[in-house]
Amino acid sequence: MDIDDLASRIRAGERRALARAITLVESGRADHRAQATALLEALKGHGREALRVGLSGTPGVGKSTFIEAFGLMLTGQGLRVAVLAVDPSSARSGGSILGDKTRMERLSRDPQAFIRPSPSQSQLGGVARRTREAAELCEAAGFDVVLIETVGVGQSETMVAEMSDLFLLLLAPAGGDELQGVKRGIMEMADILLVNKADGDLKTTAIRTCADYAGALRLLRKRPQDPEGFPKALTVSAIEQEGLARAWEEMQSLADWRRAQGHFAGRRAEQARHWFEAEVREGLLARLRREPVRGAMAALGAQVEAGAITPSAAADELLSEYLQLDRGAREE
Ligand code: GDP
């Protein structure tokens, strides 16, 4: 594969080249991995800075309806929109809640939009890397907005927040009891809470729910990366396309403020370091799973069980002999 050619076609915004490159970063094959790494390195610093928006919400809250309506609004303004999905359910069961492209039928036919379902990988860590790299590819291909969608379960929200510039939480209109069902940690990650389905019979409840969340947000500690008034709660109706323009204005004003204050670049730099460290950890774990380390681990494990060597000495031996780390250097 000609990596330079692929890189220049991605930079030219060719969708097929982008799709192919994403398939490459999703591949688990060692040769593909090497090519993906070379490709990302070749694309580094190219293209303009997209706004990466993470979006989470439980199944049924209206994520696909919202993304379709919001995405079409943005493409209508001449912006190019990419949609990526992280679906931990597909990792566990092989079935996907988010993977189905037909969920956003109109947006997927829009030439200004690009939709990529969740890769079905066995490990969330693997999905994280692939999604993050897919986002980088979309950015290099000149997309203005990269939406990264996830369902509100497990670790996937934290992961998506760690690869986004802004993080949105989509919520349903609900009684006061359910408000407490949103974990504090997730509220703290969100920049904007969107109470969806503020239409018809649900409108009054949605407005009340939104006020409840706004109250809960005021109790959170103010974060240095936020201007006055953030994080905030808004009502939207994805079906009636109400409040979407307002939500976009708020997102832009928050992003603009963070850019001006240096928090935008700062967050990206912090994320890059985080992912580097995660890659190192994963790389080490992968080496532990490969021969001859795996065999040595089993053999040393047996010796530890038999009392022939202490656990610490055995670990030291394994790390220094097979991973060529300094003896005793694992203390920190
Ligand atoms: P997802 O599972 O989060 O992607 O949710 P969907 O977008 O598939 O929506 C789940 C259900 O909620 C569907 O029946 C939608 O028609 C409905 N829905 C989505 N957005 C709205 C909205 O703004 N108002 C109302 N009343 N229903 C909505």
# chains A, B, ... in the order shown; residues from 1 in each chain; ligands from 1

$ select_by_dssp --residues "segment 53-209 of chain A" --states "strand (DSSP E or B)" --output "JSON, numbers by chain"
{"A": [53, 54, 55, 56, 57, 81, 82, 83, 84, 85, 86, 113, 114, 115, 116, 145, 146, 147, 148, 149, 150, 151, 166, 167, 168, 169, 170, 171, 192, 193, 194, 195]}

$ closest_atom_pairs --of "segment 203-278 of chain A" --to "segment 169-175 of chain A" --cutoff "9 Å" --atoms "only C-alpha atoms" --output "CSV"
residue,atom,partner,partner_atom,distance
A:Lys203,CA,A:Pro173,CA,8.1
A:Thr204,CA,A:Pro173,CA,8.8
A:Thr205,CA,A:Pro173,CA,5.7
A:Ala206,CA,A:Pro173,CA,4.4
A:Ile207,CA,A:Pro173,CA,7.9
A:Arg208,CA,A:Pro173,CA,8.1
A:Thr209,CA,A:Pro173,CA,5.7
A:Cys210,CA,A:Pro173,CA,7.8

$ residues_near_ligand --ligand "ligand 1" --cutoff "12 Å" --atoms "only C-alpha atoms and all ligand atoms" --output "compact mmCIF listing (two decimals) with C-alpha atoms, in the first residue's frame"
# COMPACT_ATOMS: atom_id res chain seq x y z
CA LEU A 55 -22.01 12.77 22.73
CA SER A 56 -23.38 10.27 25.19
CA GLY A 57 -26.81 9.12 26.25
CA THR A 58 -28.64 5.96 27.16
CA PRO A 59 -30.31 3.92 24.41
CA GLY A 60 -33.62 5.47 23.40
CA VAL A 61 -32.80 9.00 24.55
CA GLY A 62 -32.63 10.14 20.93
CA LYS A 63 -28.95 10.15 19.99
CA SER A 64 -29.37 9.11 16.38
CA THR A 65 -32.35 11.41 15.89
CA PHE A 66 -30.36 14.27 17.42
CA ILE A 67 -27.21 13.56 15.41
CA GLU A 68 -29.14 13.35 12.19
CA ALA A 69 -30.98 16.63 12.79
CA PHE A 70 -27.92 18.40 14.21
CA ALA A 85 -19.42 5.64 17.24
CA ASP A 87 -20.29 1.02 21.28
CA SER A 96 -24.25 -3.27 18.24
CA ILE A 97 -26.65 -0.63 19.48
CA LEU A 98 -24.95 2.09 17.49
CA GLY A 99 -23.44 0.30 14.54
CA ASP A 100 -26.40 0.49 12.24
CA LYS A 101 -25.84 3.07 9.54
CA THR A 102 -29.48 3.19 8.55
CA ARG A 103 -30.21 4.92 11.83
CA MET A 104 -29.20 8.19 10.23
CA GLU A 105 -30.40 7.64 6.76
CA GLU A 149 -21.17 9.05 19.86
CA THR A 150 -21.39 6.53 22.67
CA VAL A 151 -24.00 4.85 24.81
CA GLY A 152 -24.06 5.76 28.46
CA LEU A 169 -24.79 14.49 27.51
CA LEU A 170 -28.21 13.82 26.02
CA LEU A 171 -30.92 13.21 28.63
CA ALA A 172 -34.57 12.32 28.66
CA PRO A 173 -37.31 14.31 30.36
CA LEU A 194 -29.22 18.49 26.52
CA VAL A 195 -32.66 17.44 27.70
CA ASN A 196 -34.18 16.02 24.53
CA LYS A 197 -37.83 15.43 23.57
CA ALA A 198 -38.89 18.90 24.70
CA ASP A 199 -41.97 18.74 22.50
CA GLY A 200 -45.65 17.79 22.69
CA ASP A 201 -46.75 16.20 25.95
CA LEU A 202 -43.18 15.95 27.19
CA LYS A 203 -42.34 19.62 26.83
CA THR A 205 -41.53 17.81 31.93
CA ALA A 206 -38.46 18.51 29.80
CA THR A 235 -33.75 21.70 26.24
CA VAL A 236 -33.89 20.43 22.66
CA SER A 237 -36.27 18.55 20.45
CA ALA A 238 -34.40 16.49 17.91
CA ILE A 239 -37.66 15.58 16.15
CA GLU A 240 -38.90 19.16 15.86
CA GLN A 241 -35.38 20.51 15.40
CA GLU A 242 -35.91 22.92 18.25
CA GLY A 243 -33.00 24.28 20.23
CA LEU A 244 -30.36 22.80 17.94

$ residues_around --residues "Arg221 of chain A" --least-positions-apart "2" --cutoff "12 Å" --atoms "only C-alpha atoms" --output "VMD selection string"
chain A and resid 184 187 to 189 216 to 219 223 to 226 228 to 231

$ closest_residue --among "A:Val53, A:Leu84, A:Val145, A:Ile3" --to "Ala190 of chain A" --atoms "only C-alpha atoms"
A:Val53

$ residues_around --residues "segment 31-48 of chain A" --least-positions-apart "3" --cutoff "12 Å" --atoms "only C-alpha atoms" --output "PyMOL selection string"
chain A and resi 1-13+17-18+20-28+51-52+80+126+129-130+132-145

$ atom_distance --atom1 "atom CA of Pro311 of chain A" --atom2 "atom CA of Arg287 of chain A"
19.7 Å

$ residues_around --residues "Phe264 of chain A" --least-positions-apart "4" --cutoff "12 Å" --atoms "only C-alpha atoms" --output "count of residues only"
22

$ select_by_dssp --residues "segment 33-212 of chain A" --states "alpha helix (DSSP H)" --output "NGL selection string"
:A and (33-43 or 63-76 or 88-93 or 105-109 or 124-140 or 156-161 or 176-179 or 184-189 or 203-212)

$ closest_residue --among "A:Leu79, A:Ala211, A:Val86, A:Ile115" --to "Met163 of chain A" --atoms "only C-alpha atoms"
A:Val86

$ closest_residue --among "A:Ala128, A:Leu319, A:Ile192, A:Pro117" --to "Glu279 of chain A" --atoms "only C-alpha atoms"
A:Ala128

$ atom_distance --atom1 "atom CA of His263 of chain A" --atom2 "atom CA of Gly54 of chain A"
16.9 Å

$ residues_around --residues "Leu288 of chain A" --least-positions-apart "6" --cutoff "9 Å" --atoms "only C-alpha atoms" --output "list of chain:residue names"
A:Arg294, A:Met297, A:Tyr322, A:Leu323

$ decode --residues "segment 204-249 of chain A" --atoms "N, CA and C atoms" --output "compact mmCIF listing (two decimals), in the first residue's frame"
# COMPACT_ATOMS: atom_id res chain seq x y z
N THR A 204 -43.34 20.19 28.97
CA THR A 204 -43.33 20.74 30.34
C THR A 204 -42.36 19.95 31.22
N THR A 205 -42.44 18.64 31.13
CA THR A 205 -41.53 17.81 31.93
C THR A 205 -40.08 18.09 31.55
N ALA A 206 -39.83 18.26 30.26
CA ALA A 206 -38.46 18.51 29.80
C ALA A 206 -37.93 19.82 30.38
N ILE A 207 -38.78 20.84 30.38
CA ILE A 207 -38.35 22.15 30.90
C ILE A 207 -38.04 22.04 32.40
N ARG A 208 -38.90 21.29 33.12
CA ARG A 208 -38.67 21.11 34.55
C ARG A 208 -37.39 20.29 34.80
N THR A 209 -37.24 19.24 34.02
CA THR A 209 -36.03 18.40 34.14
C THR A 209 -34.78 19.24 33.90
N CYS A 210 -34.85 20.07 32.88
CA CYS A 210 -33.71 20.92 32.54
C CYS A 210 -33.36 21.86 33.70
N ALA A 211 -34.39 22.42 34.32
CA ALA A 211 -34.17 23.31 35.46
C ALA A 211 -33.53 22.54 36.63
N ASP A 212 -33.99 21.30 36.82
CA ASP A 212 -33.41 20.46 37.89
C ASP A 212 -31.93 20.20 37.63
N TYR A 213 -31.61 19.88 36.39
CA TYR A 213 -30.20 19.62 36.06
C TYR A 213 -29.37 20.89 36.20
N ALA A 214 -29.95 22.01 35.76
CA ALA A 214 -29.23 23.28 35.89
C ALA A 214 -28.89 23.54 37.35
N GLY A 215 -29.86 23.22 38.22
CA GLY A 215 -29.63 23.38 39.66
C GLY A 215 -28.51 22.48 40.14
N ALA A 216 -28.54 21.24 39.67
CA ALA A 216 -27.50 20.28 40.08
C ALA A 216 -26.12 20.73 39.58
N LEU A 217 -26.09 21.30 38.37
CA LEU A 217 -24.81 21.75 37.81
C LEU A 217 -24.22 22.91 38.62
N ARG A 218 -25.11 23.76 39.13
CA ARG A 218 -24.61 24.91 39.91
C ARG A 218 -23.91 24.47 41.18
N LEU A 219 -24.22 23.25 41.62
CA LEU A 219 -23.58 22.76 42.85
C LEU A 219 -22.18 22.20 42.58
N LEU A 220 -21.86 21.99 41.30
CA LEU A 220 -20.53 21.46 40.99
C LEU A 220 -19.49 22.56 41.10
N ARG A 221 -18.29 22.15 41.38
CA ARG A 221 -17.18 23.09 41.46
C ARG A 221 -16.93 23.70 40.08
N LYS A 222 -16.66 25.01 40.04
CA LYS A 222 -16.37 25.64 38.74
C LYS A 222 -15.01 25.18 38.24
N ARG A 223 -14.97 24.80 36.96
CA ARG A 223 -13.72 24.28 36.40
C ARG A 223 -12.95 25.42 35.72
N PRO A 224 -11.64 25.38 35.81
CA PRO A 224 -10.85 26.49 35.22
C PRO A 224 -11.02 26.60 33.70
N GLN A 225 -11.39 25.49 33.06
CA GLN A 225 -11.52 25.54 31.60
C GLN A 225 -12.90 26.04 31.15
N ASP A 226 -13.70 26.52 32.09
CA ASP A 226 -15.04 26.99 31.75
C ASP A 226 -15.22 28.47 31.99
N PRO A 227 -15.91 29.15 31.07
CA PRO A 227 -16.33 30.53 31.35
C PRO A 227 -17.54 30.49 32.29
N GLU A 228 -17.98 31.66 32.71
CA GLU A 228 -19.16 31.76 33.57
C GLU A 228 -20.35 31.08 32.89
N GLY A 229 -21.12 30.34 33.65
CA GLY A 229 -22.34 29.77 33.10
C GLY A 229 -22.21 28.35 32.56
N PHE A 230 -20.99 27.82 32.51
CA PHE A 230 -20.78 26.45 32.04
C PHE A 230 -20.30 25.58 33.20
N PRO A 231 -20.61 24.30 33.17
CA PRO A 231 -21.47 23.58 32.23
C PRO A 231 -22.93 24.01 32.36
N LYS A 232 -23.68 23.90 31.25
CA LYS A 232 -25.07 24.33 31.31
C LYS A 232 -26.02 23.29 30.76
N ALA A 233 -27.29 23.47 31.10
CA ALA A 233 -28.33 22.55 30.64
C ALA A 233 -29.28 23.29 29.70
N LEU A 234 -29.66 22.63 28.60
CA LEU A 234 -30.58 23.22 27.63
C LEU A 234 -31.63 22.18 27.24
N THR A 235 -32.78 22.64 26.80
CA THR A 235 -33.75 21.70 26.24
C THR A 235 -33.62 21.70 24.72
N VAL A 236 -33.84 20.53 24.12
CA VAL A 236 -33.89 20.43 22.66
C VAL A 236 -35.02 19.48 22.27
N SER A 237 -35.42 19.59 21.03
CA SER A 237 -36.27 18.55 20.45
C SER A 237 -35.63 18.15 19.13
N ALA A 238 -35.07 16.95 19.12
CA ALA A 238 -34.40 16.49 17.91
C ALA A 238 -35.42 16.31 16.79
N ILE A 239 -36.62 15.84 17.16
CA ILE A 239 -37.66 15.58 16.15
C ILE A 239 -38.16 16.88 15.55
N GLU A 240 -38.38 17.89 16.39
CA GLU A 240 -38.90 19.16 15.86
C GLU A 240 -37.77 20.14 15.53
N GLN A 241 -36.57 19.69 15.68
CA GLN A 241 -35.38 20.51 15.40
C GLN A 241 -35.41 21.84 16.15
N GLU A 242 -35.85 21.74 17.39
CA GLU A 242 -35.91 22.92 18.25
C GLU A 242 -34.68 22.95 19.15
N GLY A 243 -34.10 24.12 19.28
CA GLY A 243 -33.00 24.28 20.23
C GLY A 243 -31.65 23.82 19.69
N LEU A 244 -31.62 23.31 18.48
CA LEU A 244 -30.36 22.80 17.94
C LEU A 244 -29.40 23.94 17.61
N ALA A 245 -29.97 25.02 17.04
CA ALA A 245 -29.14 26.17 16.69
C ALA A 245 -28.55 26.79 17.96
N ARG A 246 -29.39 26.87 18.99
CA ARG A 246 -28.94 27.41 20.28
C ARG A 246 -27.81 26.54 20.85
N ALA A 247 -28.02 25.22 20.78
CA ALA A 247 -27.00 24.30 21.30
C ALA A 247 -25.68 24.51 20.55
N TRP A 248 -25.76 24.68 19.24
CA TRP A 248 -24.55 24.89 18.43
C TRP A 248 -23.87 26.21 18.80
N GLU A 249 -24.69 27.25 19.02
CA GLU A 249 -24.11 28.53 19.45
C GLU A 249 -23.36 28.40 20.77
